[in-house]
Amino acid sequence: MPRRSYDQYCALARALDAVGDRWTLLIVRELLGGARRYTDLHADLPGVSTDMLASRLKDMERDGLVSRRRLAPPGAAFVYDLTARGRALLPALTALADWGAPALDEKRPTDAVRAHWFALPLITRLGRHFTDGTEVVDIALDEGEFHVTLGPAGEGGEGGPGYADGPAERPDVRLRMDTPTCADIAYDRLSLDQGIASGRIAVTLPAEDDGRRQETRATTA
């Protein structure tokens, strides 16, 4: 199908030509966390049809936002990655999340939720709190765990702020909280300091976790 366009000589119109369709920016949100298989994307985009997802991914490949590659054996599955142009949408998505925050009050019965959906707004809040060189923060919620990477991008645009599903291999700090607390932190209804002081957020360092695991093994041996 030919690309639809606003046919306006305007940077915003050009941007919306590429990312203005339904589901496109949510696909970017998912891929900001790293390469994903089609089935993973479909699982974490509840409500999207298989035809719509396939169509959007083709459009995004055509527009240079994503690339598709095959994993090496034994996986041999195809995965989708954001290109550098696609990753450059991070500030735009963060700004949109901030703008939409006032509409995120009580969770509706029909609302789906994934832990990593809080990652984008948390990047700014955690960066504001951790000014001591902390770079990797694990976040554990009842719905799952993800980690946020802080700090500026290196030369060539590599690294920098971002997130990924699951715990980090070597986090600097781990934060455990419930989903309402995470939402309050993510959307500036509660500061991280207030959450920690009130006991709504548990903070542990990796060394403390390792010590507890060793203590547990010694007790049960």
# chains A, B, ... in the order shown; residues from 1 in each chain; ligands from 1
$ residues_around --residues "Arg128 in chain A" --least-positions-apart "5" --cutoff "10 Å" --atoms "only C-alpha atoms" --output "ChimeraX atom specification"
/A:122-123,150,192
$ residues_around --residues "range 36-39 of chain A" --least-positions-apart "4" --cutoff "10 Å" --atoms "only C-alpha atoms" --output "ChimeraX atom specification"
/A:30-32,43-45,50,53-54,57,68-71,77-82
$ atom_distance --atom1 "CA of Leu175 in chain A" --atom2 "CA of Ala202 in chain A"
5.7 Å
$ closest_residue --among "A:Cys10, A:Ala164, A:Val203, A:Leu96" --to "Gly34 in chain A" --atoms "only C-alpha atoms"
A:Ala164
$ closest_residue --among "A:Phe118, A:Tyr187, A:Tyr6, A:Trp99" --to "Ala140 in chain A" --atoms "only C-alpha atoms"
A:Phe118
$ residues_around --residues "range 87-93 of chain A" --least-positions-apart "5" --cutoff "9 Å" --atoms "only C-alpha atoms" --output "ChimeraX atom specification"
/A:25,28-29,31-32,65,82,98,120-121,161-162
$ write_last_selection --atoms "N, CA and C atoms" --output "PDB file, in the first residue's frame"
ATOM      1  N   LEU A  25       3.382   4.188  18.022  1.00  0.00           N
ATOM      2  CA  LEU A  25       4.212   4.656  19.136  1.00  0.00           C
ATOM      3  C   LEU A  25       4.248   3.643  20.276  1.00  0.00           C
ATOM      4  N   VAL A  28       6.907   1.282  19.389  1.00  0.00           N
ATOM      5  CA  VAL A  28       8.194   1.899  19.731  1.00  0.00           C
ATOM      6  C   VAL A  28       8.456   1.759  21.225  1.00  0.00           C
ATOM      7  N   ARG A  29       7.443   2.016  22.044  1.00  0.00           N
ATOM      8  CA  ARG A  29       7.598   1.857  23.499  1.00  0.00           C
ATOM      9  C   ARG A  29       8.121   0.469  23.844  1.00  0.00           C
ATOM     10  N   LEU A  31       9.763  -1.671  21.870  1.00  0.00           N
ATOM     11  CA  LEU A  31      11.087  -1.944  21.306  1.00  0.00           C
ATOM     12  C   LEU A  31      12.180  -1.093  21.946  1.00  0.00           C
ATOM     13  N   LEU A  32      11.815  -0.027  22.647  1.00  0.00           N
ATOM     14  CA  LEU A  32      12.821   0.721  23.396  1.00  0.00           C
ATOM     15  C   LEU A  32      13.441  -0.152  24.478  1.00  0.00           C
ATOM     16  N   LEU A  65      12.325   2.931  10.883  1.00  0.00           N
ATOM     17  CA  LEU A  65      12.222   2.988  12.343  1.00  0.00           C
ATOM     18  C   LEU A  65      12.628   1.669  12.991  1.00  0.00           C
ATOM     19  N   LEU A  82      14.709  -1.508  17.107  1.00  0.00           N
ATOM     20  CA  LEU A  82      14.635  -0.117  16.687  1.00  0.00           C
ATOM     21  C   LEU A  82      15.942   0.282  16.020  1.00  0.00           C
ATOM     22  N   ASP A  98       4.387  12.132  30.093  1.00  0.00           N
ATOM     23  CA  ASP A  98       4.198  13.192  31.088  1.00  0.00           C
ATOM     24  C   ASP A  98       2.902  13.960  30.826  1.00  0.00           C
ATOM     25  N   LEU A 120       9.341   4.455  31.026  1.00  0.00           N
ATOM     26  CA  LEU A 120       9.651   5.726  30.369  1.00  0.00           C
ATOM     27  C   LEU A 120       9.534   6.923  31.310  1.00  0.00           C
ATOM     28  N   PRO A 121       8.410   7.098  32.014  1.00  0.00           N
ATOM     29  CA  PRO A 121       8.362   8.237  32.931  1.00  0.00           C
ATOM     30  C   PRO A 121       9.322   8.105  34.106  1.00  0.00           C
ATOM     31  N   PRO A 161      20.131   6.842  28.521  1.00  0.00           N
ATOM     32  CA  PRO A 161      18.899   6.427  29.181  1.00  0.00           C
ATOM     33  C   PRO A 161      18.148   5.373  28.380  1.00  0.00           C
ATOM     34  N   GLY A 162      17.524   4.454  29.099  1.00  0.00           N
ATOM     35  CA  GLY A 162      16.754   3.406  28.449  1.00  0.00           C
ATOM     36  C   GLY A 162      16.226   2.434  29.487  1.00  0.00           C
TER      37      GLY A 162
END
$ residues_around --residues "Asp17 in chain A" --least-positions-apart "4" --cutoff "7 Å" --atoms "only C-alpha atoms" --output "list in words"
Arg4, Ser5, Tyr6 and Ala13 of chain A
$ residues_around --residues "Gly47 in chain A" --least-positions-apart "6" --cutoff "12 Å" --atoms "only C-alpha atoms" --output "ChimeraX atom specification"
/A:22-23,26,41,53,110-112
$ select_by_dssp --residues "range 7-220 of chain A" --states "strand (DSSP E or B)" --output "JSON, numbers by chain"
{"A": [36, 37, 66, 67, 68, 69, 70, 78, 79, 80, 81, 82, 136, 137, 138, 139, 140, 141, 144, 145, 146, 147, 148, 149, 153, 159, 162, 163, 164, 165, 173, 174, 175, 176, 202, 203, 204]}
$ atom_distance --atom1 "CA of His116 in chain A" --atom2 "CA of Phe146 in chain A"
5.9 Å
$ atom_distance --atom1 "CA of Ser67 in chain A" --atom2 "CA of Ile27 in chain A"
12.8 Å
$ select_by_dssp --residues "range 70-159 of chain A" --states "helix (DSSP H, G or I)" --output "PyMOL selection string"
chain A and resi 84-87+90-103+115-129+155-157
